[in-house]
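So this block is work-v6.pdb, PDB, C-alpha atoms, pLDDT in the B column:
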```pdb
ATOM      1  CA  MET F  23      -1.263   9.920  -3.087  1.00 71.00           C
ATOM      2  CA  ILE F  24      -1.260  12.616  -5.738  1.00 81.00           C
ATOM      3  CA  ILE F  25      -3.482  11.763  -8.661  1.00 83.00           C
ATOM      4  CA  ASN F  26      -3.232  13.176 -12.156  1.00 85.00           C
ATOM      5  CA  SER F  27      -6.336  15.286 -12.753  1.00 86.00           C
ATOM      6  CA  VAL F  28      -6.187  15.070 -16.549  1.00 87.00           C
ATOM      7  CA  ASN F  29      -5.997  11.279 -16.512  1.00 87.00           C
ATOM      8  CA  LEU F  30      -8.816  10.955 -13.993  1.00 91.00           C
ATOM      9  CA  ARG F  31     -11.126  13.082 -16.137  1.00 91.00           C
ATOM     10  CA  ARG F  32     -10.084  11.298 -19.339  1.00 91.00           C
ATOM     11  CA  ILE F  33     -10.700   7.836 -17.902  1.00 91.00           C
ATOM     12  CA  ARG F  34     -14.043   8.855 -16.408  1.00 93.00           C
ATOM     13  CA  THR F  35     -15.318  10.461 -19.601  1.00 93.00           C
ATOM     14  CA  GLN F  36     -14.069   7.606 -21.800  1.00 92.00           C
ATOM     15  CA  LYS F  37     -16.134   5.240 -19.697  1.00 92.00           C
ATOM     16  CA  LYS F  38     -19.124   7.617 -19.871  1.00 94.00           C
ATOM     17  CA  ILE F  39     -19.372   7.919 -16.090  1.00 93.00           C
ATOM     18  CA  SER F  40     -20.677  11.137 -14.572  1.00 94.00           C
ATOM     19  CA  GLN F  41     -18.963  12.925 -11.718  1.00 93.00           C
ATOM     20  CA  ILE F  42     -22.003  12.190  -9.571  1.00 94.00           C
ATOM     21  CA  GLU F  43     -21.850   8.449 -10.297  1.00 94.00           C
ATOM     22  CA  LEU F  44     -18.136   8.379  -9.513  1.00 94.00           C
ATOM     23  CA  ALA F  45     -18.630  10.408  -6.349  1.00 93.00           C
ATOM     24  CA  GLU F  46     -21.299   7.992  -5.094  1.00 94.00           C
ATOM     25  CA  ALA F  47     -19.086   4.993  -5.861  1.00 92.00           C
ATOM     26  CA  VAL F  48     -16.099   6.475  -4.025  1.00 93.00           C
ATOM     27  CA  GLY F  49     -18.134   7.930  -1.165  1.00 93.00           C
ATOM     28  CA  VAL F  50     -17.281  11.590  -1.687  1.00 94.00           C
ATOM     29  CA  SER F  51     -19.179  14.614  -2.958  1.00 93.00           C
ATOM     30  CA  GLN F  52     -19.482  15.579  -6.614  1.00 92.00           C
ATOM     31  CA  SER F  53     -17.607  18.783  -5.845  1.00 91.00           C
ATOM     32  CA  THR F  54     -14.692  16.691  -4.535  1.00 92.00           C
ATOM     33  CA  ILE F  55     -14.530  14.787  -7.838  1.00 92.00           C
ATOM     34  CA  CYS F  56     -14.674  18.132  -9.650  1.00 91.00           C
ATOM     35  CA  GLU F  57     -11.732  19.394  -7.561  1.00 90.00           C
ATOM     36  CA  TRP F  58      -9.758  16.201  -8.226  1.00 90.00           C
ATOM     37  CA  GLU F  59     -10.292  16.710 -11.964  1.00 89.00           C
ATOM     38  CA  LYS F  60      -9.232  20.366 -11.885  1.00 88.00           C
ATOM     39  CA  ASN F  61      -5.976  20.003  -9.953  1.00 80.00           C
ATOM     40  CA  ASP F  62      -3.352  17.373  -9.266  1.00 73.00           C
ATOM     41  CA  VAL F  63      -4.255  16.861  -5.626  1.00 78.00           C
ATOM     42  CA  GLU F  64      -3.500  14.590  -2.688  1.00 82.00           C
ATOM     43  CA  VAL F  65      -6.143  11.879  -2.379  1.00 86.00           C
ATOM     44  CA  LYS F  66      -6.439   9.337   0.424  1.00 86.00           C
ATOM     45  CA  LEU F  67      -5.045   5.945  -0.529  1.00 82.00           C
ATOM     46  CA  GLU F  68      -8.383   4.317   0.229  1.00 85.00           C
ATOM     47  CA  ASN F  69     -10.129   6.646  -2.247  1.00 88.00           C
ATOM     48  CA  VAL F  70      -7.484   6.044  -4.931  1.00 86.00           C
ATOM     49  CA  TYR F  71      -8.251   2.337  -4.781  1.00 84.00           C
ATOM     50  CA  LYS F  72     -11.979   2.975  -4.859  1.00 89.00           C
ATOM     51  CA  LEU F  73     -11.420   5.071  -7.993  1.00 90.00           C
ATOM     52  CA  CYS F  74      -9.330   2.323  -9.590  1.00 87.00           C
ATOM     53  CA  SER F  75     -11.871  -0.319  -8.729  1.00 88.00           C
ATOM     54  CA  PHE F  76     -14.899   1.595 -10.009  1.00 91.00           C
ATOM     55  CA  LEU F  77     -13.121   2.848 -13.137  1.00 91.00           C
ATOM     56  CA  ALA F  78     -11.594  -0.593 -13.714  1.00 89.00           C
ATOM     57  CA  THR F  79      -8.166   0.904 -14.232  1.00 87.00           C
ATOM     58  CA  ASP F  80      -4.683   0.402 -12.896  1.00 82.00           C
ATOM     59  CA  ILE F  81      -3.402   2.719 -10.193  1.00 82.00           C
ATOM     60  CA  SER F  82      -0.509   3.829 -12.398  1.00 79.00           C
ATOM     61  CA  SER F  83      -3.051   5.267 -14.842  1.00 80.00           C
ATOM     62  CA  LEU F  84      -4.221   7.702 -12.207  1.00 81.00           C
ATOM     63  CA  LEU F  85      -0.807   8.570 -10.828  1.00 76.00           C
ATOM     64  CA  LEU F  86       1.265   9.048 -13.961  1.00 56.00           C
ATOM     65  CA  ALA F  87       1.252  12.294 -15.924  1.00 54.00           C
ATOM     66  CA  HIS F  88       1.533  10.712 -19.402  1.00 45.00           C
ATOM     67  CA  GLN F  89      -1.240   9.693 -21.801  1.00 40.00           C
ATOM     68  CA  VAL F  90      -3.340   6.868 -20.415  1.00 44.00           C
ATOM     69  CA  VAL F  91      -2.606   3.655 -22.258  1.00 44.00           C
ATOM     70  CA  PRO F  92      -5.058   0.835 -21.679  1.00 48.00           C
ATOM     71  CA  ILE F  93      -3.259  -2.039 -19.994  1.00 48.00           C
ATOM     72  CA  GLN F  94      -4.369  -5.319 -18.545  1.00 53.00           C
ATOM     73  CA  VAL F  95      -3.805  -5.664 -14.852  1.00 55.00           C
ATOM     74  CA  ASN F  96      -2.478  -9.086 -14.024  1.00 62.00           C
ATOM     75  CA  GLU F  97      -3.458 -11.101 -10.958  1.00 64.00           C
ATOM     76  CA  TYR F  98      -0.291 -10.151  -9.084  1.00 65.00           C
ATOM     77  CA  GLN F  99      -1.065  -6.451  -9.469  1.00 73.00           C
ATOM     78  CA  HIS F 100      -4.616  -7.064  -8.216  1.00 73.00           C
ATOM     79  CA  GLN F 101      -3.224  -8.871  -5.184  1.00 75.00           C
ATOM     80  CA  GLN F 102      -0.852  -5.992  -4.502  1.00 80.00           C
ATOM     81  CA  GLN F 103      -3.708  -3.509  -4.742  1.00 79.00           C
ATOM     82  CA  ASP F 104      -5.822  -5.648  -2.404  1.00 80.00           C
ATOM     83  CA  ILE F 105      -2.982  -5.804   0.126  1.00 85.00           C
ATOM     84  CA  ILE F 106      -2.457  -2.044   0.014  1.00 85.00           C
ATOM     85  CA  LEU F 107      -6.193  -1.401   0.345  1.00 83.00           C
ATOM     86  CA  THR F 108      -6.342  -3.764   3.320  1.00 85.00           C
ATOM     87  CA  GLN F 109      -3.407  -1.934   4.878  1.00 86.00           C
ATOM     88  CA  ALA F 110      -5.121   1.402   4.322  1.00 83.00           C
ATOM     89  CA  LYS F 111      -8.299   0.094   5.969  1.00 84.00           C
ATOM     90  CA  THR F 112      -6.246  -1.311   8.866  1.00 86.00           C
ATOM     91  CA  ILE F 113      -4.582   2.055   9.378  1.00 86.00           C
ATOM     92  CA  HIS F 114      -8.000   3.724   9.377  1.00 83.00           C
ATOM     93  CA  VAL F 115      -9.310   1.264  11.986  1.00 84.00           C
ATOM     94  CA  GLN F 116      -6.176   1.783  14.088  1.00 87.00           C
ATOM     95  CA  GLN F 117      -6.653   5.551  13.928  1.00 86.00           C
ATOM     96  CA  GLU F 118     -10.265   5.172  15.062  1.00 86.00           C
ATOM     97  CA  TYR F 119      -9.107   2.899  17.907  1.00 86.00           C
ATOM     98  CA  ILE F 120      -6.496   5.433  19.009  1.00 86.00           C
ATOM     99  CA  GLU F 121      -9.143   8.159  19.034  1.00 85.00           C
ATOM    100  CA  SER F 122     -11.452   5.962  21.126  1.00 86.00           C
ATOM    101  CA  LEU F 123      -8.577   5.312  23.549  1.00 85.00           C
ATOM    102  CA  LYS F 124      -7.969   9.047  23.830  1.00 85.00           C
ATOM    103  CA  SER F 125     -11.638   9.557  24.586  1.00 84.00           C
ATOM    104  CA  THR F 126     -11.618   6.719  27.130  1.00 86.00           C
ATOM    105  CA  ASN F 127      -8.473   8.087  28.765  1.00 85.00           C
ATOM    106  CA  GLU F 128     -10.034  11.528  29.071  1.00 86.00           C
ATOM    107  CA  PHE F 129     -13.179   9.993  30.614  1.00 87.00           C
ATOM    108  CA  MET F 130     -11.072   7.957  33.067  1.00 89.00           C
ATOM    109  CA  ARG F 131      -8.999  11.014  33.985  1.00 87.00           C
ATOM    110  CA  LYS F 132     -12.187  12.935  34.811  1.00 89.00           C
ATOM    111  CA  GLU F 133     -13.552   9.999  36.821  1.00 90.00           C
ATOM    112  CA  ILE F 134     -10.326   9.706  38.822  1.00 90.00           C
ATOM    113  CA  GLN F 135     -10.316  13.451  39.435  1.00 91.00           C
ATOM    114  CA  MET F 136     -13.890  13.282  40.680  1.00 92.00           C
ATOM    115  CA  LEU F 137     -13.084  10.326  42.981  1.00 92.00           C
ATOM    116  CA  LEU F 138     -10.073  12.158  44.387  1.00 92.00           C
ATOM    117  CA  GLU F 139     -12.223  15.202  45.103  1.00 92.00           C
ATOM    118  CA  GLN F 140     -14.781  13.008  46.855  1.00 92.00           C
ATOM    119  CA  LEU F 141     -12.034  11.303  48.880  1.00 91.00           C
ATOM    120  CA  HIS F 142     -10.664  14.701  49.835  1.00 90.00           C
ATOM    121  CA  LEU F 143     -14.122  15.764  51.095  1.00 89.00           C
ATOM    122  CA  VAL F 144     -14.557  12.534  53.060  1.00 88.00           C
ATOM    123  CA  LEU F 145     -11.135  12.946  54.695  1.00 85.00           C
ATOM    124  CA  LYS F 146     -11.837  16.584  55.460  1.00 84.00           C
ATOM    125  CA  ARG F 147     -15.131  15.658  57.154  1.00 84.00           C
ATOM    126  CA  MET F 148     -13.432  12.886  59.108  1.00 80.00           C
ATOM    127  CA  TYR F 149     -10.858  15.297  60.503  1.00 77.00           C
ATOM    128  CA  GLU F 150     -13.558  17.836  61.325  1.00 77.00           C
ATOM    129  CA  VAL F 151     -15.558  15.264  63.278  1.00 69.00           C
ATOM    130  CA  GLN F 152     -12.571  13.649  64.973  1.00 67.00           C
ATOM    131  CA  PRO F 153      -9.285  15.529  64.783  1.00 62.00           C
ATOM    132  CA  PRO F 154      -6.156  13.374  64.623  1.00 61.00           C
ATOM    133  CA  GLN F 155      -4.527  12.752  67.990  1.00 63.00           C
TER     134      GLN F 155
END
```
Translate the structure of the given file into structure tokens.
Amino acid sequence: MIINSVNLRRIRTQKKISQIELAEAVGVSQSTICEWEKNDVEVKLENVYKLCSFLATDISSLLLAHQVVPIQVNEYQHQQQDIILTQAKTIHVQQEYIESLKSTNEFMRKEIQMLLEQLHLVLKRMYEVQPPQ
């Protein structure tokens, strides 16, 4: 998601939160927060929700280019944000699982290749000892 750099900086400074504090809360470096505040950039959905949670702001405040207007987030909006965050985490877990499957498949491919080579050697030795009749 593309966040609005001006709004991110404004919200952070209004709440008297340093870039370092925000970075630690989101799990990124201070230089990443600095970059997010300099340019309208693409930010992972998971990090957008971490920003919203720590800054206690609505997602629309970070995504819209207009002046930030304090609004109360109702329970329905919180539930929607929770669902989207859960989906983002699920996607992340699925991606990790796919990568582990790729790694497992590569390991299995190498094991099968090694077994085939061993079988080939055994068959070769068998024919050397006793040629087929």
* Please evaluate the PyMOL selection byres ((chain F and resi 36-41) around 12) against the structure above and give the resulting residues as a PyMOL selection string. => chain F and resi 29-35+42-59+73+76-79+90+92
Selection file, C-alpha atoms, as a JSON list (two decimals), in the frame of the given file:
```json
[["chain", "number", "residue", "atom", "x", "y", "z"],
["F", 29, "ASN", "CA", -6.00, 11.28, -16.51],
["F", 30, "LEU", "CA", -8.82, 10.96, -13.99],
["F", 31, "ARG", "CA", -11.13, 13.08, -16.14],
["F", 32, "ARG", "CA", -10.08, 11.30, -19.34],
["F", 33, "ILE", "CA", -10.70, 7.84, -17.90],
["F", 34, "ARG", "CA", -14.04, 8.86, -16.41],
["F", 35, "THR", "CA", -15.32, 10.46, -19.60],
["F", 42, "ILE", "CA", -22.00, 12.19, -9.57],
["F", 43, "GLU", "CA", -21.85, 8.45, -10.30],
["F", 44, "LEU", "CA", -18.14, 8.38, -9.51],
["F", 45, "ALA", "CA", -18.63, 10.41, -6.35],
["F", 46, "GLU", "CA", -21.30, 7.99, -5.09],
["F", 47, "ALA", "CA", -19.09, 4.99, -5.86],
["F", 48, "VAL", "CA", -16.10, 6.48, -4.03],
["F", 49, "GLY", "CA", -18.13, 7.93, -1.16],
["F", 50, "VAL", "CA", -17.28, 11.59, -1.69],
["F", 51, "SER", "CA", -19.18, 14.61, -2.96],
["F", 52, "GLN", "CA", -19.48, 15.58, -6.61],
["F", 53, "SER", "CA", -17.61, 18.78, -5.84],
["F", 54, "THR", "CA", -14.69, 16.69, -4.54],
["F", 55, "ILE", "CA", -14.53, 14.79, -7.84],
["F", 56, "CYS", "CA", -14.67, 18.13, -9.65],
["F", 57, "GLU", "CA", -11.73, 19.39, -7.56],
["F", 58, "TRP", "CA", -9.76, 16.20, -8.23],
["F", 59, "GLU", "CA", -10.29, 16.71, -11.96],
["F", 73, "LEU", "CA", -11.42, 5.07, -7.99],
["F", 76, "PHE", "CA", -14.90, 1.60, -10.01],
["F", 77, "LEU", "CA", -13.12, 2.85, -13.14],
["F", 78, "ALA", "CA", -11.59, -0.59, -13.71],
["F", 79, "THR", "CA", -8.17, 0.90, -14.23],
["F", 90, "VAL", "CA", -3.34, 6.87, -20.42],
["F", 92, "PRO", "CA", -5.06, 0.84, -21.68]]
```
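Between atom CA of F:Val144 and atom CA of F:Ser125 the separation is 28.8 Å.
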Set up a box along x, y and z of the file covering all listed atoms of stretch 40-44 of chain F, add 5 Å on every one of the six sides, and write the centre and edge lengths in Å to one decimal, as AutoDock Vina command-line options.
```
--center_x -20.1 --center_y 10.7 --center_z -12.0 --size_x 13.9 --size_y 14.5 --size_z 15.1
```
* Quick one: pull the distance between atom CA of F:Ala110 and atom CA of F:Glu68, Å, one decimal. => 6.0 Å
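Between atom CA of F:Ile105 and atom CA of F:Leu85 there is a distance of 18.2 Å.
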* To do: Determine the residue membership of the PyMOL selection byres ((chain F and resi 63-65) around 8) for the file above and supply it as a PyMOL selection string.
  => chain F and resi 23-27+58+61-62+66-67+69-70
Reconstruct N, CA and C atoms of stretch 49-77 of chain F; output as a PDB file, in the frame of the given file.
```
ATOM      1  N   GLY F  49     -17.686   7.485  -2.488  1.00 93.00           N
ATOM      2  CA  GLY F  49     -18.134   7.930  -1.165  1.00 93.00           C
ATOM      3  C   GLY F  49     -17.704   9.343  -0.839  1.00 93.00           C
ATOM      4  N   VAL F  50     -17.621  10.184  -1.877  1.00 94.00           N
ATOM      5  CA  VAL F  50     -17.281  11.590  -1.687  1.00 94.00           C
ATOM      6  C   VAL F  50     -18.328  12.432  -2.403  1.00 94.00           C
ATOM      7  N   SER F  51     -18.221  13.736  -2.290  1.00 93.00           N
ATOM      8  CA  SER F  51     -19.179  14.614  -2.958  1.00 93.00           C
ATOM      9  C   SER F  51     -18.781  14.836  -4.421  1.00 93.00           C
ATOM     10  N   GLN F  52     -19.750  15.281  -5.198  1.00 92.00           N
ATOM     11  CA  GLN F  52     -19.482  15.579  -6.614  1.00 92.00           C
ATOM     12  C   GLN F  52     -18.483  16.712  -6.720  1.00 92.00           C
ATOM     13  N   SER F  53     -18.548  17.659  -5.797  1.00 91.00           N
ATOM     14  CA  SER F  53     -17.607  18.783  -5.845  1.00 91.00           C
ATOM     15  C   SER F  53     -16.175  18.310  -5.566  1.00 91.00           C
ATOM     16  N   THR F  54     -16.027  17.254  -4.780  1.00 92.00           N
ATOM     17  CA  THR F  54     -14.692  16.691  -4.535  1.00 92.00           C
ATOM     18  C   THR F  54     -14.134  16.095  -5.819  1.00 92.00           C
ATOM     19  N   ILE F  55     -14.973  15.354  -6.553  1.00 92.00           N
ATOM     20  CA  ILE F  55     -14.530  14.787  -7.838  1.00 92.00           C
ATOM     21  C   ILE F  55     -14.151  15.921  -8.780  1.00 92.00           C
ATOM     22  N   CYS F  56     -14.955  16.969  -8.805  1.00 91.00           N
ATOM     23  CA  CYS F  56     -14.674  18.132  -9.650  1.00 91.00           C
ATOM     24  C   CYS F  56     -13.302  18.714  -9.298  1.00 91.00           C
ATOM     25  N   GLU F  57     -13.025  18.858  -8.022  1.00 90.00           N
ATOM     26  CA  GLU F  57     -11.732  19.394  -7.561  1.00 90.00           C
ATOM     27  C   GLU F  57     -10.592  18.470  -7.978  1.00 90.00           C
ATOM     28  N   TRP F  58     -10.792  17.166  -7.836  1.00 90.00           N
ATOM     29  CA  TRP F  58      -9.758  16.201  -8.226  1.00 90.00           C
ATOM     30  C   TRP F  58      -9.461  16.296  -9.718  1.00 90.00           C
ATOM     31  N   GLU F  59     -10.483  16.623 -10.510  1.00 89.00           N
ATOM     32  CA  GLU F  59     -10.292  16.710 -11.964  1.00 89.00           C
ATOM     33  C   GLU F  59      -9.735  18.056 -12.402  1.00 89.00           C
ATOM     34  N   LYS F  60      -9.778  19.049 -11.545  1.00 88.00           N
ATOM     35  CA  LYS F  60      -9.232  20.366 -11.885  1.00 88.00           C
ATOM     36  C   LYS F  60      -7.757  20.484 -11.541  1.00 88.00           C
ATOM     37  N   ASN F  61      -7.338  19.838 -10.460  1.00 80.00           N
ATOM     38  CA  ASN F  61      -5.976  20.003  -9.953  1.00 80.00           C
ATOM     39  C   ASN F  61      -5.370  18.645  -9.606  1.00 80.00           C
ATOM     40  N   ASP F  62      -4.065  18.545  -9.756  1.00 73.00           N
ATOM     41  CA  ASP F  62      -3.352  17.373  -9.266  1.00 73.00           C
ATOM     42  C   ASP F  62      -3.305  17.508  -7.748  1.00 73.00           C
ATOM     43  N   VAL F  63      -4.091  16.706  -7.063  1.00 78.00           N
ATOM     44  CA  VAL F  63      -4.255  16.861  -5.626  1.00 78.00           C
ATOM     45  C   VAL F  63      -3.935  15.565  -4.888  1.00 78.00           C
ATOM     46  N   GLU F  64      -3.721  15.725  -3.579  1.00 82.00           N
ATOM     47  CA  GLU F  64      -3.500  14.590  -2.688  1.00 82.00           C
ATOM     48  C   GLU F  64      -4.851  13.938  -2.399  1.00 82.00           C
ATOM     49  N   VAL F  65      -4.917  12.633  -2.615  1.00 86.00           N
ATOM     50  CA  VAL F  65      -6.143  11.879  -2.379  1.00 86.00           C
ATOM     51  C   VAL F  65      -5.796  10.714  -1.455  1.00 86.00           C
ATOM     52  N   LYS F  66      -6.672  10.446  -0.501  1.00 86.00           N
ATOM     53  CA  LYS F  66      -6.439   9.337   0.424  1.00 86.00           C
ATOM     54  C   LYS F  66      -6.256   8.041  -0.360  1.00 86.00           C
ATOM     55  N   LEU F  67      -5.347   7.219   0.119  1.00 82.00           N
ATOM     56  CA  LEU F  67      -5.045   5.945  -0.529  1.00 82.00           C
ATOM     57  C   LEU F  67      -6.309   5.111  -0.712  1.00 82.00           C
ATOM     58  N   GLU F  68      -7.142   5.076   0.296  1.00 85.00           N
ATOM     59  CA  GLU F  68      -8.383   4.317   0.229  1.00 85.00           C
ATOM     60  C   GLU F  68      -9.249   4.784  -0.948  1.00 85.00           C
ATOM     61  N   ASN F  69      -9.319   6.103  -1.158  1.00 88.00           N
ATOM     62  CA  ASN F  69     -10.129   6.646  -2.247  1.00 88.00           C
ATOM     63  C   ASN F  69      -9.493   6.380  -3.604  1.00 88.00           C
ATOM     64  N   VAL F  70      -8.164   6.368  -3.670  1.00 86.00           N
ATOM     65  CA  VAL F  70      -7.484   6.044  -4.931  1.00 86.00           C
ATOM     66  C   VAL F  70      -7.878   4.640  -5.370  1.00 86.00           C
ATOM     67  N   TYR F  71      -7.898   3.712  -4.428  1.00 84.00           N
ATOM     68  CA  TYR F  71      -8.251   2.337  -4.781  1.00 84.00           C
ATOM     69  C   TYR F  71      -9.724   2.188  -5.121  1.00 84.00           C
ATOM     70  N   LYS F  72     -10.567   2.981  -4.482  1.00 89.00           N
ATOM     71  CA  LYS F  72     -11.979   2.975  -4.859  1.00 89.00           C
ATOM     72  C   LYS F  72     -12.143   3.495  -6.287  1.00 89.00           C
ATOM     73  N   LEU F  73     -11.386   4.543  -6.619  1.00 90.00           N
ATOM     74  CA  LEU F  73     -11.420   5.071  -7.993  1.00 90.00           C
ATOM     75  C   LEU F  73     -10.987   4.003  -8.987  1.00 90.00           C
ATOM     76  N   CYS F  74      -9.861   3.361  -8.695  1.00 87.00           N
ATOM     77  CA  CYS F  74      -9.330   2.323  -9.590  1.00 87.00           C
ATOM     78  C   CYS F  74     -10.330   1.194  -9.770  1.00 87.00           C
ATOM     79  N   SER F  75     -10.921   0.785  -8.672  1.00 88.00           N
ATOM     80  CA  SER F  75     -11.871  -0.319  -8.729  1.00 88.00           C
ATOM     81  C   SER F  75     -13.091   0.046  -9.572  1.00 88.00           C
ATOM     82  N   PHE F  76     -13.683   1.203  -9.297  1.00 91.00           N
ATOM     83  CA  PHE F  76     -14.899   1.595 -10.009  1.00 91.00           C
ATOM     84  C   PHE F  76     -14.614   1.894 -11.486  1.00 91.00           C
ATOM     85  N   LEU F  77     -13.470   2.509 -11.754  1.00 91.00           N
ATOM     86  CA  LEU F  77     -13.121   2.848 -13.137  1.00 91.00           C
ATOM     87  C   LEU F  77     -12.472   1.683 -13.872  1.00 91.00           C
TER      88      LEU F  77
END
```
